[in-house]
file protein_0.cif (mmCIF, N, CA and C atoms)
data_start
#
loop_
_atom_site.label_atom_id
_atom_site.label_comp_id
_atom_site.auth_asym_id
_atom_site.auth_seq_id
_atom_site.Cartn_x
_atom_site.Cartn_y
_atom_site.Cartn_z
N MET A 1 -10.83 -32.10 -13.72
CA MET A 1 -11.72 -31.97 -14.87
C MET A 1 -11.11 -31.02 -15.89
N THR A 2 -11.59 -31.11 -17.08
CA THR A 2 -11.14 -30.19 -18.11
C THR A 2 -12.20 -29.13 -18.34
N VAL A 3 -11.74 -28.01 -18.84
CA VAL A 3 -12.63 -26.90 -19.15
C VAL A 3 -12.79 -26.85 -20.66
N THR A 4 -14.02 -26.89 -21.13
CA THR A 4 -14.27 -26.87 -22.57
C THR A 4 -14.02 -25.47 -23.13
N PRO A 5 -13.77 -25.41 -24.44
CA PRO A 5 -13.60 -24.08 -25.05
C PRO A 5 -14.82 -23.17 -24.83
N ASP A 6 -16.02 -23.73 -24.87
CA ASP A 6 -17.22 -22.91 -24.64
C ASP A 6 -17.26 -22.39 -23.21
N ALA A 7 -16.86 -23.23 -22.26
CA ALA A 7 -16.86 -22.80 -20.87
C ALA A 7 -15.82 -21.70 -20.65
N LEU A 8 -14.66 -21.85 -21.28
CA LEU A 8 -13.62 -20.82 -21.18
C LEU A 8 -14.09 -19.52 -21.82
N ALA A 9 -14.77 -19.63 -22.94
CA ALA A 9 -15.32 -18.44 -23.60
C ALA A 9 -16.32 -17.74 -22.69
N GLY A 10 -17.10 -18.50 -21.93
CA GLY A 10 -18.05 -17.91 -20.99
C GLY A 10 -17.33 -17.12 -19.90
N LEU A 11 -16.21 -17.65 -19.43
CA LEU A 11 -15.41 -16.94 -18.43
C LEU A 11 -14.85 -15.64 -19.02
N ILE A 12 -14.35 -15.72 -20.22
CA ILE A 12 -13.77 -14.54 -20.88
C ILE A 12 -14.84 -13.47 -21.09
N ARG A 13 -16.05 -13.89 -21.44
CA ARG A 13 -17.15 -12.93 -21.62
C ARG A 13 -17.45 -12.19 -20.31
N LEU A 14 -17.37 -12.92 -19.19
CA LEU A 14 -17.63 -12.28 -17.90
C LEU A 14 -16.58 -11.21 -17.59
N VAL A 15 -15.33 -11.48 -17.97
CA VAL A 15 -14.26 -10.50 -17.76
C VAL A 15 -14.45 -9.33 -18.71
N ASP A 16 -14.69 -9.63 -19.99
CA ASP A 16 -14.86 -8.58 -20.99
C ASP A 16 -16.03 -7.65 -20.68
N SER A 17 -17.08 -8.20 -20.11
CA SER A 17 -18.26 -7.37 -19.81
C SER A 17 -18.09 -6.59 -18.51
N GLY A 18 -17.01 -6.90 -17.77
CA GLY A 18 -16.78 -6.21 -16.51
C GLY A 18 -17.54 -6.81 -15.34
N THR A 19 -18.16 -7.97 -15.55
CA THR A 19 -18.90 -8.62 -14.48
C THR A 19 -17.96 -9.08 -13.37
N ILE A 20 -16.77 -9.55 -13.77
CA ILE A 20 -15.75 -9.97 -12.80
C ILE A 20 -14.41 -9.38 -13.22
N SER A 21 -13.50 -9.29 -12.25
CA SER A 21 -12.16 -8.77 -12.51
C SER A 21 -11.23 -9.92 -12.88
N GLY A 22 -10.04 -9.57 -13.31
CA GLY A 22 -9.03 -10.58 -13.65
C GLY A 22 -8.71 -11.51 -12.50
N PRO A 23 -8.42 -10.96 -11.30
CA PRO A 23 -8.13 -11.85 -10.18
C PRO A 23 -9.31 -12.76 -9.82
N THR A 24 -10.52 -12.24 -9.94
CA THR A 24 -11.69 -13.06 -9.67
C THR A 24 -11.82 -14.14 -10.74
N ALA A 25 -11.47 -13.80 -11.98
CA ALA A 25 -11.53 -14.78 -13.06
C ALA A 25 -10.61 -15.96 -12.78
N LYS A 26 -9.45 -15.67 -12.22
CA LYS A 26 -8.53 -16.76 -11.87
C LYS A 26 -9.17 -17.69 -10.85
N GLU A 27 -9.79 -17.10 -9.84
CA GLU A 27 -10.48 -17.89 -8.80
C GLU A 27 -11.61 -18.71 -9.41
N VAL A 28 -12.40 -18.09 -10.29
CA VAL A 28 -13.51 -18.78 -10.94
C VAL A 28 -12.98 -19.91 -11.82
N PHE A 29 -11.90 -19.67 -12.54
CA PHE A 29 -11.32 -20.70 -13.41
C PHE A 29 -10.91 -21.92 -12.60
N GLU A 30 -10.28 -21.67 -11.46
CA GLU A 30 -9.87 -22.80 -10.60
C GLU A 30 -11.09 -23.59 -10.13
N LYS A 31 -12.17 -22.89 -9.83
CA LYS A 31 -13.39 -23.57 -9.40
C LYS A 31 -14.06 -24.31 -10.56
N MET A 32 -13.92 -23.75 -11.76
CA MET A 32 -14.45 -24.44 -12.95
C MET A 32 -13.73 -25.77 -13.14
N ILE A 33 -12.43 -25.77 -12.98
CA ILE A 33 -11.64 -26.99 -13.15
C ILE A 33 -12.05 -28.01 -12.08
N ALA A 34 -12.19 -27.54 -10.86
CA ALA A 34 -12.50 -28.45 -9.75
C ALA A 34 -13.92 -29.01 -9.83
N SER A 35 -14.86 -28.20 -10.32
CA SER A 35 -16.27 -28.62 -10.24
C SER A 35 -16.91 -28.96 -11.59
N GLY A 36 -16.35 -28.43 -12.67
CA GLY A 36 -16.97 -28.63 -13.97
C GLY A 36 -18.15 -27.70 -14.22
N ARG A 37 -18.44 -26.81 -13.28
CA ARG A 37 -19.57 -25.89 -13.44
C ARG A 37 -19.18 -24.72 -14.34
N PRO A 38 -20.14 -24.13 -15.03
CA PRO A 38 -19.84 -22.96 -15.86
C PRO A 38 -19.52 -21.73 -15.01
N ALA A 39 -18.76 -20.83 -15.58
CA ALA A 39 -18.31 -19.63 -14.86
C ALA A 39 -19.48 -18.82 -14.33
N ALA A 40 -20.47 -18.59 -15.15
CA ALA A 40 -21.61 -17.76 -14.73
C ALA A 40 -22.31 -18.36 -13.51
N ALA A 41 -22.42 -19.67 -13.46
CA ALA A 41 -23.07 -20.33 -12.32
C ALA A 41 -22.24 -20.15 -11.05
N ILE A 42 -20.94 -20.24 -11.17
CA ILE A 42 -20.05 -20.05 -10.02
C ILE A 42 -20.14 -18.62 -9.51
N VAL A 43 -20.07 -17.66 -10.43
CA VAL A 43 -20.13 -16.24 -10.05
C VAL A 43 -21.46 -15.94 -9.35
N GLU A 44 -22.54 -16.45 -9.89
CA GLU A 44 -23.86 -16.21 -9.31
C GLU A 44 -24.00 -16.87 -7.94
N ALA A 45 -23.63 -18.14 -7.85
CA ALA A 45 -23.81 -18.90 -6.60
C ALA A 45 -22.94 -18.36 -5.47
N GLU A 46 -21.76 -17.84 -5.80
CA GLU A 46 -20.82 -17.42 -4.76
C GLU A 46 -20.74 -15.90 -4.60
N GLY A 47 -21.59 -15.19 -5.32
CA GLY A 47 -21.62 -13.74 -5.18
C GLY A 47 -20.30 -13.07 -5.54
N LEU A 48 -19.69 -13.52 -6.62
CA LEU A 48 -18.37 -13.01 -7.01
C LEU A 48 -18.42 -11.86 -8.00
N GLY A 49 -19.61 -11.45 -8.38
CA GLY A 49 -19.73 -10.36 -9.35
C GLY A 49 -19.22 -9.04 -8.80
N ARG A 50 -18.88 -8.17 -9.72
CA ARG A 50 -18.35 -6.85 -9.38
C ARG A 50 -19.43 -6.02 -8.68
N ILE A 51 -19.00 -5.23 -7.71
CA ILE A 51 -19.92 -4.36 -6.97
C ILE A 51 -19.95 -3.00 -7.66
N ASP A 52 -21.12 -2.67 -8.22
CA ASP A 52 -21.31 -1.41 -8.93
C ASP A 52 -22.23 -0.46 -8.16
N ASP A 53 -22.68 -0.88 -7.00
CA ASP A 53 -23.61 -0.08 -6.22
C ASP A 53 -22.87 1.13 -5.64
N GLU A 54 -23.23 2.31 -6.13
CA GLU A 54 -22.51 3.53 -5.74
C GLU A 54 -22.57 3.78 -4.24
N ALA A 55 -23.70 3.53 -3.61
CA ALA A 55 -23.82 3.78 -2.18
C ALA A 55 -22.88 2.87 -1.38
N SER A 56 -22.76 1.62 -1.78
CA SER A 56 -21.86 0.69 -1.08
C SER A 56 -20.41 1.10 -1.24
N VAL A 57 -20.04 1.45 -2.46
CA VAL A 57 -18.66 1.85 -2.72
C VAL A 57 -18.35 3.17 -2.01
N GLU A 58 -19.29 4.10 -2.05
CA GLU A 58 -19.09 5.38 -1.38
C GLU A 58 -18.90 5.19 0.13
N ALA A 59 -19.67 4.30 0.72
CA ALA A 59 -19.53 4.02 2.15
C ALA A 59 -18.13 3.45 2.44
N ALA A 60 -17.66 2.57 1.58
CA ALA A 60 -16.32 2.00 1.77
C ALA A 60 -15.24 3.06 1.61
N VAL A 61 -15.40 3.95 0.63
CA VAL A 61 -14.44 5.04 0.43
C VAL A 61 -14.39 5.92 1.67
N ARG A 62 -15.53 6.30 2.16
CA ARG A 62 -15.57 7.17 3.36
C ARG A 62 -14.96 6.48 4.58
N GLN A 63 -15.21 5.18 4.71
CA GLN A 63 -14.64 4.43 5.84
C GLN A 63 -13.12 4.39 5.74
N VAL A 64 -12.61 4.13 4.55
CA VAL A 64 -11.15 4.09 4.35
C VAL A 64 -10.54 5.46 4.62
N LEU A 65 -11.16 6.51 4.15
CA LEU A 65 -10.64 7.85 4.40
C LEU A 65 -10.67 8.19 5.89
N ALA A 66 -11.73 7.76 6.58
CA ALA A 66 -11.84 8.04 8.01
C ALA A 66 -10.79 7.30 8.83
N THR A 67 -10.43 6.10 8.38
CA THR A 67 -9.49 5.30 9.16
C THR A 67 -8.04 5.47 8.71
N ASN A 68 -7.82 6.24 7.66
CA ASN A 68 -6.46 6.46 7.15
C ASN A 68 -6.18 7.95 7.04
N GLY A 69 -6.44 8.67 8.12
CA GLY A 69 -6.27 10.12 8.14
C GLY A 69 -4.87 10.57 7.77
N ASP A 70 -3.85 9.82 8.19
CA ASP A 70 -2.47 10.20 7.86
C ASP A 70 -2.25 10.19 6.35
N ALA A 71 -2.74 9.13 5.68
CA ALA A 71 -2.58 9.03 4.23
C ALA A 71 -3.35 10.14 3.52
N VAL A 72 -4.53 10.46 4.03
CA VAL A 72 -5.33 11.55 3.44
C VAL A 72 -4.58 12.87 3.59
N SER A 73 -4.02 13.12 4.76
CA SER A 73 -3.25 14.35 4.99
C SER A 73 -2.04 14.42 4.07
N GLN A 74 -1.36 13.31 3.92
CA GLN A 74 -0.20 13.26 3.02
C GLN A 74 -0.61 13.55 1.58
N TYR A 75 -1.75 12.96 1.15
CA TYR A 75 -2.24 13.20 -0.21
C TYR A 75 -2.53 14.69 -0.41
N ARG A 76 -3.22 15.26 0.53
CA ARG A 76 -3.60 16.68 0.42
C ARG A 76 -2.41 17.61 0.54
N ALA A 77 -1.33 17.10 1.13
CA ALA A 77 -0.09 17.89 1.24
C ALA A 77 0.80 17.72 0.01
N GLY A 78 0.33 16.96 -0.97
CA GLY A 78 1.08 16.82 -2.21
C GLY A 78 1.71 15.47 -2.46
N LYS A 79 1.63 14.55 -1.52
CA LYS A 79 2.21 13.21 -1.71
C LYS A 79 1.17 12.34 -2.41
N LYS A 80 1.12 12.46 -3.72
CA LYS A 80 0.06 11.84 -4.51
C LYS A 80 0.15 10.31 -4.56
N GLN A 81 1.29 9.74 -4.17
CA GLN A 81 1.45 8.29 -4.17
C GLN A 81 0.47 7.63 -3.20
N THR A 82 0.04 8.36 -2.19
CA THR A 82 -0.87 7.78 -1.20
C THR A 82 -2.24 7.48 -1.81
N TYR A 83 -2.54 8.09 -2.96
CA TYR A 83 -3.82 7.84 -3.62
C TYR A 83 -3.99 6.36 -3.93
N GLY A 84 -2.95 5.76 -4.50
CA GLY A 84 -3.01 4.34 -4.84
C GLY A 84 -3.23 3.48 -3.61
N PHE A 85 -2.59 3.85 -2.51
CA PHE A 85 -2.77 3.12 -1.26
C PHE A 85 -4.24 3.18 -0.83
N LEU A 86 -4.82 4.37 -0.88
CA LEU A 86 -6.20 4.54 -0.44
C LEU A 86 -7.17 3.76 -1.32
N VAL A 87 -6.97 3.82 -2.63
CA VAL A 87 -7.83 3.06 -3.54
C VAL A 87 -7.68 1.57 -3.24
N GLY A 88 -6.45 1.14 -3.05
CA GLY A 88 -6.20 -0.27 -2.73
C GLY A 88 -6.91 -0.72 -1.47
N GLN A 89 -6.97 0.16 -0.48
CA GLN A 89 -7.65 -0.18 0.77
C GLN A 89 -9.15 -0.34 0.56
N VAL A 90 -9.72 0.47 -0.33
CA VAL A 90 -11.15 0.33 -0.63
C VAL A 90 -11.40 -1.00 -1.34
N ILE A 91 -10.59 -1.28 -2.35
CA ILE A 91 -10.74 -2.53 -3.10
C ILE A 91 -10.60 -3.72 -2.14
N LYS A 92 -9.61 -3.65 -1.29
CA LYS A 92 -9.37 -4.73 -0.33
C LYS A 92 -10.55 -4.88 0.62
N SER A 93 -11.08 -3.75 1.11
CA SER A 93 -12.19 -3.81 2.06
C SER A 93 -13.44 -4.41 1.44
N MET A 94 -13.53 -4.36 0.11
CA MET A 94 -14.70 -4.89 -0.58
C MET A 94 -14.39 -6.24 -1.23
N GLY A 95 -13.36 -6.89 -0.75
CA GLY A 95 -13.04 -8.23 -1.22
C GLY A 95 -12.60 -8.30 -2.67
N GLY A 96 -12.08 -7.19 -3.18
CA GLY A 96 -11.61 -7.17 -4.57
C GLY A 96 -12.73 -7.09 -5.59
N LYS A 97 -13.96 -6.89 -5.14
CA LYS A 97 -15.11 -6.92 -6.05
C LYS A 97 -15.61 -5.55 -6.46
N ALA A 98 -15.09 -4.49 -5.88
CA ALA A 98 -15.56 -3.14 -6.21
C ALA A 98 -15.16 -2.76 -7.62
N ASN A 99 -16.02 -2.06 -8.30
CA ASN A 99 -15.74 -1.54 -9.64
C ASN A 99 -14.62 -0.51 -9.51
N PRO A 100 -13.43 -0.80 -10.09
CA PRO A 100 -12.30 0.11 -9.92
C PRO A 100 -12.56 1.53 -10.44
N ALA A 101 -13.27 1.65 -11.55
CA ALA A 101 -13.56 2.98 -12.09
C ALA A 101 -14.44 3.77 -11.12
N LEU A 102 -15.40 3.09 -10.52
CA LEU A 102 -16.29 3.74 -9.57
C LEU A 102 -15.51 4.13 -8.31
N VAL A 103 -14.65 3.24 -7.84
CA VAL A 103 -13.83 3.55 -6.67
C VAL A 103 -12.99 4.80 -6.94
N ASN A 104 -12.35 4.85 -8.10
CA ASN A 104 -11.51 6.00 -8.44
C ASN A 104 -12.32 7.28 -8.51
N ALA A 105 -13.48 7.23 -9.14
CA ALA A 105 -14.31 8.43 -9.26
C ALA A 105 -14.76 8.93 -7.89
N LEU A 106 -15.20 8.02 -7.04
CA LEU A 106 -15.67 8.43 -5.72
C LEU A 106 -14.53 8.86 -4.82
N MET A 107 -13.38 8.22 -4.96
CA MET A 107 -12.21 8.60 -4.16
C MET A 107 -11.77 10.01 -4.54
N ARG A 108 -11.70 10.29 -5.83
CA ARG A 108 -11.32 11.65 -6.28
C ARG A 108 -12.30 12.69 -5.75
N ARG A 109 -13.59 12.37 -5.86
CA ARG A 109 -14.62 13.30 -5.40
C ARG A 109 -14.45 13.59 -3.92
N GLU A 110 -14.24 12.56 -3.12
CA GLU A 110 -14.10 12.75 -1.67
C GLU A 110 -12.80 13.49 -1.33
N LEU A 111 -11.71 13.16 -2.00
CA LEU A 111 -10.44 13.81 -1.71
C LEU A 111 -10.41 15.26 -2.16
N ASP A 112 -11.20 15.58 -3.18
CA ASP A 112 -11.23 16.95 -3.69
C ASP A 112 -12.10 17.88 -2.83
N LYS A 113 -12.89 17.30 -1.95
CA LYS A 113 -13.70 18.11 -1.03
C LYS A 113 -12.79 18.82 -0.06
N GLU A 114 -13.22 19.97 0.38
CA GLU A 114 -12.46 20.69 1.40
C GLU A 114 -12.50 19.89 2.70
N PRO A 115 -11.34 19.79 3.38
CA PRO A 115 -11.34 19.07 4.67
C PRO A 115 -12.28 19.74 5.66
N ALA A 116 -12.92 18.90 6.46
CA ALA A 116 -13.89 19.41 7.45
C ALA A 116 -13.17 20.05 8.62
#

call {"tool": "encode", "arguments": {"input": "protein_0.cif", "output": "structure tokens"}}
result
Amino acid sequence: MTVTPDALAGLIRLVDSGTISGPTAKEVFEKMIASGRPAAAIVEAEGLGRIDDEASVEAAVRQVLATNGDAVSQYRAGKKQTYGFLVGQVIKSMGGKANPALVNALMRRELDKEPA
């Protein structure tokens, strides 16, 4: 099927508004081609929208920190490259749907706390 300019504009609006990420947009676009459905309908039906719920993201951050103690220790010892790894693990654990800005803010907050 072909995607109309209006349908493509709808997909772009979802990315611009932050409802979905770039990688999710690619997935939605492929589904638009296959089904002819509008982007918003696909995102809604398949639960592909970005996760902005602070409690959910915070739980994922804490879980990643708890299971990656070596990386946390390395970060706190000055190896700041491990930060990207930890953020990536949170994003991955949430299926790529977590709000990256929220993940970063919560990750910084947790890492800046004194170790228990």

call {"tool": "select_by_dssp", "arguments": {"input": "protein_0.cif", "residues": "chain A", "states": "alpha helix (DSSP H)", "output": "number ranges by chain"}}
result
A: 5-16, 22-35, 39-46, 54-67, 69-76, 82-93, 100-112

call {"tool": "resolve_selection", "arguments": {"input": "protein_0.cif", "expression": "the PyMOL selection byres ((chain A and resi 38) around 8)", "output": "PDB file with N, CA and C atoms, keeping the file's coordinate frame"}}
result
ATOM      1  N   ASP A   6     -16.020 -23.730 -24.870  1.00  0.00           N
ATOM      2  CA  ASP A   6     -17.220 -22.910 -24.640  1.00  0.00           C
ATOM      3  C   ASP A   6     -17.260 -22.390 -23.210  1.00  0.00           C
ATOM      4  N   ALA A   7     -16.860 -23.230 -22.260  1.00  0.00           N
ATOM      5  CA  ALA A   7     -16.860 -22.800 -20.870  1.00  0.00           C
ATOM      6  C   ALA A   7     -15.820 -21.700 -20.650  1.00  0.00           C
ATOM      7  N   LEU A   8     -14.660 -21.850 -21.280  1.00  0.00           N
ATOM      8  CA  LEU A   8     -13.620 -20.820 -21.180  1.00  0.00           C
ATOM      9  C   LEU A   8     -14.090 -19.520 -21.820  1.00  0.00           C
ATOM     10  N   GLY A  10     -17.100 -18.500 -21.930  1.00  0.00           N
ATOM     11  CA  GLY A  10     -18.050 -17.910 -20.990  1.00  0.00           C
ATOM     12  C   GLY A  10     -17.330 -17.120 -19.900  1.00  0.00           C
ATOM     13  N   LEU A  11     -16.210 -17.650 -19.430  1.00  0.00           N
ATOM     14  CA  LEU A  11     -15.410 -16.940 -18.430  1.00  0.00           C
ATOM     15  C   LEU A  11     -14.850 -15.640 -19.020  1.00  0.00           C
ATOM     16  N   VAL A  28     -12.400 -18.090 -10.290  1.00  0.00           N
ATOM     17  CA  VAL A  28     -13.510 -18.780 -10.940  1.00  0.00           C
ATOM     18  C   VAL A  28     -12.980 -19.910 -11.820  1.00  0.00           C
ATOM     19  N   LYS A  31     -12.170 -22.890  -9.830  1.00  0.00           N
ATOM     20  CA  LYS A  31     -13.390 -23.570  -9.400  1.00  0.00           C
ATOM     21  C   LYS A  31     -14.060 -24.310 -10.560  1.00  0.00           C
ATOM     22  N   MET A  32     -13.920 -23.750 -11.760  1.00  0.00           N
ATOM     23  CA  MET A  32     -14.450 -24.440 -12.950  1.00  0.00           C
ATOM     24  C   MET A  32     -13.730 -25.770 -13.140  1.00  0.00           C
ATOM     25  N   SER A  35     -14.860 -28.200 -10.320  1.00  0.00           N
ATOM     26  CA  SER A  35     -16.270 -28.620 -10.240  1.00  0.00           C
ATOM     27  C   SER A  35     -16.910 -28.960 -11.590  1.00  0.00           C
ATOM     28  N   GLY A  36     -16.350 -28.430 -12.670  1.00  0.00           N
ATOM     29  CA  GLY A  36     -16.970 -28.630 -13.970  1.00  0.00           C
ATOM     30  C   GLY A  36     -18.150 -27.700 -14.220  1.00  0.00           C
ATOM     31  N   ARG A  37     -18.440 -26.810 -13.280  1.00  0.00           N
ATOM     32  CA  ARG A  37     -19.570 -25.890 -13.440  1.00  0.00           C
ATOM     33  C   ARG A  37     -19.180 -24.720 -14.340  1.00  0.00           C
ATOM     34  N   ALA A  39     -18.760 -20.830 -15.580  1.00  0.00           N
ATOM     35  CA  ALA A  39     -18.310 -19.630 -14.860  1.00  0.00           C
ATOM     36  C   ALA A  39     -19.480 -18.820 -14.330  1.00  0.00           C
ATOM     37  N   ALA A  40     -20.470 -18.590 -15.150  1.00  0.00           N
ATOM     38  CA  ALA A  40     -21.610 -17.760 -14.730  1.00  0.00           C
ATOM     39  C   ALA A  40     -22.310 -18.360 -13.510  1.00  0.00           C
ATOM     40  N   ALA A  41     -22.420 -19.670 -13.460  1.00  0.00           N
ATOM     41  CA  ALA A  41     -23.070 -20.330 -12.320  1.00  0.00           C
ATOM     42  C   ALA A  41     -22.240 -20.150 -11.050  1.00  0.00           C
ATOM     43  N   ILE A  42     -20.940 -20.240 -11.170  1.00  0.00           N
ATOM     44  CA  ILE A  42     -20.050 -20.050 -10.020  1.00  0.00           C
ATOM     45  C   ILE A  42     -20.140 -18.620  -9.510  1.00  0.00           C
ATOM     46  N   VAL A  43     -20.070 -17.660 -10.430  1.00  0.00           N
ATOM     47  CA  VAL A  43     -20.130 -16.240 -10.050  1.00  0.00           C
ATOM     48  C   VAL A  43     -21.460 -15.940  -9.350  1.00  0.00           C
ATOM     49  N   GLU A  44     -22.540 -16.450  -9.890  1.00  0.00           N
ATOM     50  CA  GLU A  44     -23.860 -16.210  -9.310  1.00  0.00           C
ATOM     51  C   GLU A  44     -24.000 -16.870  -7.940  1.00  0.00           C
TER      52      GLU A  44
END

call {"tool": "resolve_selection", "arguments": {"input": "protein_0.cif", "expression": "the PyMOL selection byres ((chain A and resi 51) around 6)", "output": "ChimeraX atom specification"}}
result
/A:49-50,52-53,97-99

call {"tool": "residues_around", "arguments": {"input": "protein_0.cif", "residues": "range 107-112 of chain A", "least_positions_apart": "6", "cutoff": "8 Å", "atoms": "all atoms listed in the file", "output": "PyMOL selection string"}}
result
chain A and resi 57-58+61-62+72+76+86-87+101

call {"tool": "atom_distance", "arguments": {"input": "protein_0.cif", "atom1": "atom N of Lys92 in chain A", "atom2": "atom C of Ser56 in chain A"}}
result
11.8 Å

call {"tool": "resolve_selection", "arguments": {"input": "protein_0.cif", "expression": "the PyMOL selection byres (((chain A and resi 88 and name CA) around 12) and name CA)", "output": "PyMOL selection string"}}
result
chain A and resi 60-61+64-65+68+81-87+89-100+103-104+107

call {"tool": "atom_distance", "arguments": {"input": "protein_0.cif", "atom1": "CA of Glu54 in chain A", "atom2": "atom N of Gly69 in chain A"}}
result
21.8 Å
